[in-house]
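K.L.:
What follows is a structure written as structure tokens; I'll ask about it next.
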Amino acid sequence: MRVYVPLTLPGLAEAYKTGELGSGPTTAYAVTPALREWYLSDDIEELEYAALNRAALASLRLVALDPGAARRRVVVAVDVPDGTATADPDRALDSAALGEVRIAGAVPLGKAAAVHVDADDAEADVTAAAEALGAADSGDDDAQFVVDGAEDHELLWFATQEIPNLVGLGD
């Protein structure tokens, strides 16, 4: 099963150092029944893209909580055994939790398939979106428009071998 783990660049650096994305429980996003119902598609690529975008929003929330983090969203795509990631049935109807899953055990970085990161030119919009999250969550339509502006930037795809360069440890 493919899951998408939201991080920040410092979180990715820590994962690179420790060899794992989290010791558990780890929050990730995946194609869940609730996400399928919400997205109304049977195309697995579209559904996985929707899960990736949900993880990107979660990454934005992590960026907003860490004033020292670069203003770039980070999502790691990881393949985990079926049944490892479980959705909370009590949150199935919560729109904020669409696609959200929990992984109880450690998530080895070695199982990562790819890393998705904002380009440098997204930083201004991601910064503004991170600052507007609180107001958007309170129902401010203008703030929600600013948050949605971060989604105008497609996350770039990187091979896992490129992680050292992404976190500033490359040659």
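Scheme for the structure tokens: letters A, B, ... for chains in order shown; per-chain residue numbers from 1; ligand numbers from 1 in order shown.
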Taking only C-alpha atoms into account, produce a table as a tab-separated table in which each residue of range 61-123 of chain A with an atom at most 8 Å from an atom of range 18-34 of chain A appears once, together with its shortest atom pair and the distance in Å to one decimal, ordered by chain and rising number.
P.N.:
residue	atom	partner	partner_atom	distance
A:Ala87	CA	A:Thr32	CA	7.3
A:Ala92	CA	A:Ala34	CA	6.1
A:Leu93	CA	A:Ala34	CA	7.5
A:Leu98	CA	A:Ala34	CA	6.2
A:Gly99	CA	A:Tyr29	CA	5.0
A:Glu100	CA	A:Tyr29	CA	4.5
A:Val101	CA	A:Ala28	CA	5.3
A:Arg102	CA	A:Thr27	CA	4.8
A:Ile103	CA	A:Thr26	CA	5.1
A:Ala104	CA	A:Pro25	CA	4.3
A:Gly105	CA	A:Gly24	CA	4.6
A:Ala106	CA	A:Ser23	CA	3.9
A:Val107	CA	A:Leu21	CA	5.3
A:Pro108	CA	A:Glu20	CA	4.2
A:Leu109	CA	A:Glu20	CA	4.6
A:Gly110	CA	A:Gly19	CA	7.1
K.L.:
Next, write the just-selected residues to a file, as a compact mmCIF listing (two decimals), in the first residue's frame, keeping C-alpha atoms as the atom set.
P.N.:
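As a result, out18.txt now contains:
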# COMPACT_ATOMS: atom_id res chain seq x y z
CA ALA A 87 -7.94 4.71 9.11
CA ALA A 92 -14.23 8.83 8.67
CA LEU A 93 -16.82 11.60 8.32
CA LEU A 98 -9.98 12.45 4.55
CA GLY A 99 -7.34 9.92 3.58
CA GLU A 100 -5.68 10.07 6.99
CA VAL A 101 -4.18 6.80 8.24
CA ARG A 102 -2.01 5.79 11.18
CA ILE A 103 0.96 3.47 11.01
CA ALA A 104 1.58 1.89 14.40
CA GLY A 105 5.18 0.79 13.96
CA ALA A 106 8.36 2.29 12.61
CA VAL A 107 8.38 3.52 9.01
CA PRO A 108 11.82 2.83 7.52
CA LEU A 109 13.07 5.48 5.12
CA GLY A 110 14.42 2.60 3.03
K.L.:
For Glu48 in chain A, find every residue with an atom within 12 Å (counting only C-alpha atoms), except residues of its own chain fewer than 2 positions away, and show them as a ChimeraX atom specification.
P.N.:
/A:1-4,29-32,35-36,39,41-46,50-55,77-78,99
K.L.:
Just checking: using only C-alpha atoms, which residue out of A:Gln161, A:Val167, A:Glu151, A:Glu131 ends up closest to Ala64 in chain A?
P.N.:
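Checking each of A:Gln161, A:Val167, A:Glu151, A:Glu131 against Ala64 in chain A, counting only C-alpha atoms, the winner is A:Glu131.
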